[in-house]
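A.B. asks: Below: one structure in structure tokens.
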Amino acid sequence: MSPWKRPRSLRGIALAAAALTAALSWAPGSAAATPPTSAPDNRVQAAAFEDNFDGPAGSAVDGGKWQIETGDNVSNHERQYYTAGNANAALNGQGQLVITARRENPNNYQCWYGRCEYTSARLNTAGRFTQTYGHVEARMKVPRGQGMWPAFWMLGNDIGQVGWPNSGEIDVMENVGFEPSTVHGTLHGPGYSGSGGIGAAYTLPGGQVFADDFHTFAVDWAPDSITWSVDGNVYQRRTPADLGGKQWAFNKPFFLILNLAVGGYWPGDPDGSTSFPQQLVVDHVRVTTSNTSRTTK
């Protein structure tokens, strides 16, 4: 895959973890992985974090679990403005969160390139929930179209002290609209960030498209080991042995992030083929610790 630069710094964002403004991310590297042939047995004993997005249609997300970031992203040249409240991130009354990207700017938001052309939303659990190890998953239906860029990912909670990429970043799932059948999972850390991120891609069989249905994107995270899966199908496992002697930055607390970006260096901008609005529909987000029976919504 082309190593597009993808820094995630946002301008003008007020966060409980203010250091999020230093967070960067780049396109996944193409280092080869030799994954196990089946998903590990990480069935749930205790839910450390769970949001099933139950509530009335139009409600904002639970502020005790999520904070909403606002602003644009000059570093990555994304085109959207992330809005507050329930303007672009709202419950649908059917037990799902809907993050909506629209081609609009009713409030005259200003972006790095001038008057913003799009709005969307980005949420994180910084200051509310962090976790070290466990099974981390989201069941989601991604949007479709050129320029769409949904992601479910994690940042090291010490980013305010050590900066990025020393904080570490775990990209559980990223999709870019020009690859409708493929998602990416990537690690970023000191000496292996940017185009040197360690990652792999998973492609649905038979020409299926991720936007056509819900899929479960997960990592199973243990000391010195992270394993990625889609719908229980493992497609890569990473350990410190994959880093060529560089520092493993993933044995510490991380927080969660959900967002839907529009345009940018990696996905490219929307074009005449892209229809709006587009939606990232999230059925649940769940972080669990160890073995009994895993339940799905």
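How things are named: the first chain in the structure tokens is A, the next is B, and so on; residues count from 1 in each chain; ligands count from 1 in the order shown.
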Please build the interface table for stretch 107-205 of chain A against stretch 258-267 of chain A with a cut-off of 6 Å, listing for each qualifying residue the nearest atom pair and the distance in Å to one decimal; count only C-alpha atoms, order rows by chain and increasing number, and write it as CSV.
C.D. replies:
residue,atom,partner,partner_atom,distance
A:Ala121,CA,A:Asn259,CA,6.0
A:Arg122,CA,A:Asn259,CA,4.1
A:Leu123,CA,A:Leu258,CA,5.3
A:Gly147,CA,A:Gly263,CA,4.5
A:Met148,CA,A:Val262,CA,5.1
A:Trp149,CA,A:Ala261,CA,5.0
A:Pro150,CA,A:Leu260,CA,4.3
A:Ala151,CA,A:Asn259,CA,5.5
A:Phe152,CA,A:Leu258,CA,4.8
A:Val176,CA,A:Pro267,CA,5.2
A.B. asks: Find the spatial neighbours of stretch 217-224 of chain A, counting only C-alpha atoms, within a cut-off of 10 Å - ignore same-chain residues fewer than 2 positions away - and output them as a VMD selection string.
C.D. replies: chain A and resid 39 to 42 132 to 140 152 170 to 174 183 185 214 to 215 226 to 234 236 to 241 248 to 252 285 to 290
A.B. asks: Could you check the closest approach to A:Gln146 for each of A:Pro270, A:Gly163, A:Gly71, A:Pro277 and tell me which residue wins, using only C-alpha atoms?
C.D. replies: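 Nearest to A:Gln146: A:Pro270.
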A.B. asks: Report the distance between atom CA of A:Pro253 and atom CA of A:Gly191 in Å, rounded to one decimal place.
C.D. replies: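 Answer for the atom CA of A:Pro253 to atom CA of A:Gly191 separation: 20.0 Å.
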A.B. asks: Please identify the strand (DSSP E or B) residues within stretch 39-283 of chain A (assignment by DSSP from backbone atoms) and present them as a ChimeraX atom specification.
C.D. replies: /A:46-51,67-69,71-72,80-82,89-91,97-102,110-111,114-115,118-120,122-124,131,134-141,148-156,169-174,182-188,198-203,215-222,225-230,233-238,254-262,278-283
A.B. asks: Take the residues that were just selected and, keeping C-alpha atoms, output them as a tab-separated table (two decimals), in the first residue's frame.
C.D. replies:
chain	number	residue	atom	x	y	z
A	46	ALA	CA	-15.67	-9.21	32.67
A	47	ALA	CA	-16.55	-6.18	30.61
A	48	ALA	CA	-14.08	-3.43	31.47
A	49	PHE	CA	-15.89	-1.08	29.07
A	50	GLU	CA	-19.11	-1.52	27.14
A	51	ASP	CA	-21.34	0.82	25.21
A	67	GLN	CA	-15.81	13.03	24.98
A	68	ILE	CA	-16.34	14.67	21.61
A	69	GLU	CA	-13.47	16.41	19.86
A	71	GLY	CA	-11.97	21.17	15.08
A	72	ASP	CA	-10.24	20.45	11.81
A	80	GLN	CA	-14.10	17.86	7.62
A	81	TYR	CA	-14.82	19.91	10.71
A	82	TYR	CA	-15.55	17.75	13.77
A	89	ALA	CA	-22.75	11.82	16.35
A	90	ALA	CA	-26.11	10.65	17.67
A	91	LEU	CA	-27.93	7.52	18.80
A	97	LEU	CA	-24.37	5.18	17.31
A	98	VAL	CA	-24.42	6.93	13.94
A	99	ILE	CA	-21.49	9.17	13.00
A	100	THR	CA	-22.59	11.14	9.95
A	101	ALA	CA	-20.38	12.94	7.46
A	102	ARG	CA	-22.24	15.66	5.56
A	110	GLN	CA	-13.31	27.55	9.26
A	111	CYS	CA	-10.79	24.86	8.29
A	114	GLY	CA	-10.73	28.10	4.27
A	115	ARG	CA	-14.47	27.63	4.78
A	118	TYR	CA	-17.86	18.93	5.36
A	119	THR	CA	-18.82	18.11	8.95
A	120	SER	CA	-18.33	14.87	10.87
A	122	ARG	CA	-14.66	12.14	16.42
A	123	LEU	CA	-15.02	10.66	19.95
A	124	ASN	CA	-12.52	9.35	22.48
A	131	GLN	CA	-7.20	-0.21	29.57
A	134	GLY	CA	-7.84	-7.53	26.91
A	135	HIS	CA	-10.17	-8.07	23.98
A	136	VAL	CA	-11.07	-4.77	22.29
A	137	GLU	CA	-13.81	-4.83	19.66
A	138	ALA	CA	-16.31	-2.72	17.77
A	139	ARG	CA	-19.15	-4.00	15.60
A	140	MET	CA	-19.65	-1.47	12.83
A	141	LYS	CA	-20.96	-0.82	9.36
A	148	MET	CA	-14.37	8.25	3.26
A	149	TRP	CA	-12.04	7.25	6.11
A	150	PRO	CA	-13.59	5.58	9.19
A	151	ALA	CA	-11.35	4.39	12.01
A	152	PHE	CA	-11.44	2.62	15.37
A	153	TRP	CA	-8.11	3.04	17.15
A	154	MET	CA	-6.24	3.57	20.43
A	155	LEU	CA	-3.57	5.89	21.79
A	156	GLY	CA	-1.23	5.47	24.75
A	169	GLU	CA	-0.88	3.80	18.61
A	170	ILE	CA	-2.97	0.70	17.90
A	171	ASP	CA	-5.16	1.00	14.81
A	172	VAL	CA	-7.79	-1.70	15.28
A	173	MET	CA	-9.50	-0.87	11.98
A	174	GLU	CA	-9.11	1.70	9.25
A	182	THR	CA	-10.24	-4.08	2.61
A	183	VAL	CA	-9.44	-2.86	6.12
A	184	HIS	CA	-6.08	-2.23	7.79
A	185	GLY	CA	-4.66	-2.88	11.27
A	186	THR	CA	-1.44	-1.13	12.25
A	187	LEU	CA	0.97	-0.41	15.11
A	188	HIS	CA	2.84	2.89	15.40
A	198	ILE	CA	3.85	-2.26	11.32
A	199	GLY	CA	0.60	-3.55	9.89
A	200	ALA	CA	-1.36	-5.73	7.52
A	201	ALA	CA	-4.61	-5.69	5.56
A	202	TYR	CA	-7.65	-7.96	5.58
A	203	THR	CA	-9.78	-8.34	2.44
A	215	HIS	CA	-18.56	-6.57	10.81
A	216	THR	CA	-16.71	-7.01	14.10
A	217	PHE	CA	-13.20	-5.56	14.21
A	218	ALA	CA	-11.07	-6.62	17.16
A	219	VAL	CA	-7.66	-6.96	18.73
A	220	ASP	CA	-6.67	-9.46	21.39
A	221	TRP	CA	-4.01	-7.68	23.40
A	222	ALA	CA	-1.65	-9.34	25.86
A	225	SER	CA	1.45	-9.57	21.79
A	226	ILE	CA	-1.39	-8.04	19.74
A	227	THR	CA	-3.60	-10.08	17.39
A	228	TRP	CA	-6.07	-8.60	14.89
A	229	SER	CA	-9.26	-10.21	13.63
A	230	VAL	CA	-12.31	-9.44	11.50
A	233	ASN	CA	-10.85	-14.38	11.45
A	234	VAL	CA	-7.31	-13.61	12.57
A	235	TYR	CA	-5.16	-11.89	9.95
A	236	GLN	CA	-2.05	-10.78	11.83
A	237	ARG	CA	-0.24	-11.11	15.14
A	238	ARG	CA	2.56	-8.80	16.27
A	254	PHE	CA	-4.50	3.12	26.14
A	255	PHE	CA	-7.75	4.96	25.42
A	256	LEU	CA	-10.21	4.42	22.56
A	257	ILE	CA	-11.06	6.62	19.55
A	258	LEU	CA	-13.84	6.45	16.95
A	259	ASN	CA	-13.98	8.84	14.02
A	260	LEU	CA	-15.12	9.34	10.45
A	261	ALA	CA	-12.77	11.56	8.46
A	262	VAL	CA	-13.47	13.00	5.02
A	278	GLN	CA	-22.33	8.99	4.64
A	279	GLN	CA	-22.55	7.13	7.95
A	280	LEU	CA	-20.39	5.04	10.23
A	281	VAL	CA	-22.91	2.98	12.22
A	282	VAL	CA	-21.53	1.51	15.46
A	283	ASP	CA	-23.52	-1.30	17.07
A.B. asks: Quick one: pull the distance between atom CA of A:Ser275 and atom CA of A:Gly145, Å, one decimal.
C.D. replies: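 Pair atom CA of A:Ser275 / atom CA of A:Gly145 returns 7.0 Å.
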A.B. asks: Apply DSSP to the structure's backbone, then extract all residues of stretch 66-241 of chain A labelled helix (DSSP H, G or I) and return them as a list in words.
C.D. replies: Ile159, Gly160, Gln161, Val162, Gly194, Ser195, Gly196, Pro205, Gly206, Gly207, Phe210, Ala211, Asp212, Pro240 and Ala241 of chain A
A.B. asks: Using N, CA and C atoms, can you write the selected residues to a file as a PDB file, in the first residue's frame?
C.D. replies:
ATOM      1  N   ILE A 159       0.481  10.007  26.261  1.00  0.00           N
ATOM      2  CA  ILE A 159       0.863  10.853  25.130  1.00  0.00           C
ATOM      3  C   ILE A 159       1.210  12.274  25.562  1.00  0.00           C
ATOM      4  N   GLY A 160       0.573  12.764  26.628  1.00  0.00           N
ATOM      5  CA  GLY A 160       0.874  14.097  27.115  1.00  0.00           C
ATOM      6  C   GLY A 160       2.275  14.233  27.684  1.00  0.00           C
ATOM      7  N   GLN A 161       2.824  13.127  28.151  1.00  0.00           N
ATOM      8  CA  GLN A 161       4.172  13.143  28.725  1.00  0.00           C
ATOM      9  C   GLN A 161       5.250  12.807  27.699  1.00  0.00           C
ATOM     10  N   VAL A 162       4.985  11.846  26.830  1.00  0.00           N
ATOM     11  CA  VAL A 162       6.035  11.343  25.945  1.00  0.00           C
ATOM     12  C   VAL A 162       5.824  11.719  24.486  1.00  0.00           C
ATOM     13  N   GLY A 194       4.702   6.464  10.914  1.00  0.00           N
ATOM     14  CA  GLY A 194       4.622   6.907   9.533  1.00  0.00           C
ATOM     15  C   GLY A 194       4.534   5.735   8.589  1.00  0.00           C
ATOM     16  N   SER A 195       5.205   5.854   7.464  1.00  0.00           N
ATOM     17  CA  SER A 195       5.184   4.771   6.483  1.00  0.00           C
ATOM     18  C   SER A 195       5.870   3.527   7.013  1.00  0.00           C
ATOM     19  N   GLY A 196       6.573   3.638   8.145  1.00  0.00           N
ATOM     20  CA  GLY A 196       7.208   2.483   8.766  1.00  0.00           C
ATOM     21  C   GLY A 196       6.344   1.784   9.788  1.00  0.00           C
ATOM     22  N   PRO A 205     -13.599 -11.999   1.256  1.00  0.00           N
ATOM     23  CA  PRO A 205     -13.570 -12.908   0.108  1.00  0.00           C
ATOM     24  C   PRO A 205     -14.690 -12.619  -0.889  1.00  0.00           C
ATOM     25  N   GLY A 206     -14.470 -13.050  -2.105  1.00  0.00           N
ATOM     26  CA  GLY A 206     -15.527 -13.048  -3.110  1.00  0.00           C
ATOM     27  C   GLY A 206     -16.036 -11.688  -3.523  1.00  0.00           C
ATOM     28  N   GLY A 207     -15.208 -10.646  -3.364  1.00  0.00           N
ATOM     29  CA  GLY A 207     -15.628  -9.324  -3.783  1.00  0.00           C
ATOM     30  C   GLY A 207     -16.645  -8.652  -2.876  1.00  0.00           C
ATOM     31  N   PHE A 210     -17.292  -4.048   2.619  1.00  0.00           N
ATOM     32  CA  PHE A 210     -17.538  -3.827   4.039  1.00  0.00           C
ATOM     33  C   PHE A 210     -18.757  -2.950   4.299  1.00  0.00           C
ATOM     34  N   ALA A 211     -19.055  -2.008   3.418  1.00  0.00           N
ATOM     35  CA  ALA A 211     -20.171  -1.100   3.645  1.00  0.00           C
ATOM     36  C   ALA A 211     -21.526  -1.773   3.516  1.00  0.00           C
ATOM     37  N   ASP A 212     -21.565  -3.013   3.026  1.00  0.00           N
ATOM     38  CA  ASP A 212     -22.845  -3.690   2.814  1.00  0.00           C
ATOM     39  C   ASP A 212     -23.416  -4.330   4.072  1.00  0.00           C
ATOM     40  N   PRO A 240       7.158  -8.070  19.975  1.00  0.00           N
ATOM     41  CA  PRO A 240       8.392  -7.284  19.862  1.00  0.00           C
ATOM     42  C   PRO A 240       9.373  -7.829  18.830  1.00  0.00           C
ATOM     43  N   ALA A 241       9.283  -9.099  18.508  1.00  0.00           N
ATOM     44  CA  ALA A 241      10.177  -9.682  17.506  1.00  0.00           C
ATOM     45  C   ALA A 241       9.990  -9.056  16.129  1.00  0.00           C
TER      46      ALA A 241
END
A.B. asks: Out of A:Trp164, A:Asp54, A:Asn157, A:Asn175, which residue has the shortest atom-to-atom distance to A:Ser193 when counting only C-alpha atoms?
C.D. replies: A:Trp164
A.B. asks: Hey, which of A:Leu204, A:Cys116, A:Ala84, A:Val209 ends up closest to A:Pro143? Count only C-alpha atoms.
C.D. replies: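 Using only C-alpha atoms, the shortest distance to A:Pro143 belongs to A:Val209.
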A.B. asks: Rounded to one decimal in Å, what is the spacing between atom CA of A:Phe276 and atom CA of A:Phe53?
C.D. replies: 23.6 Å
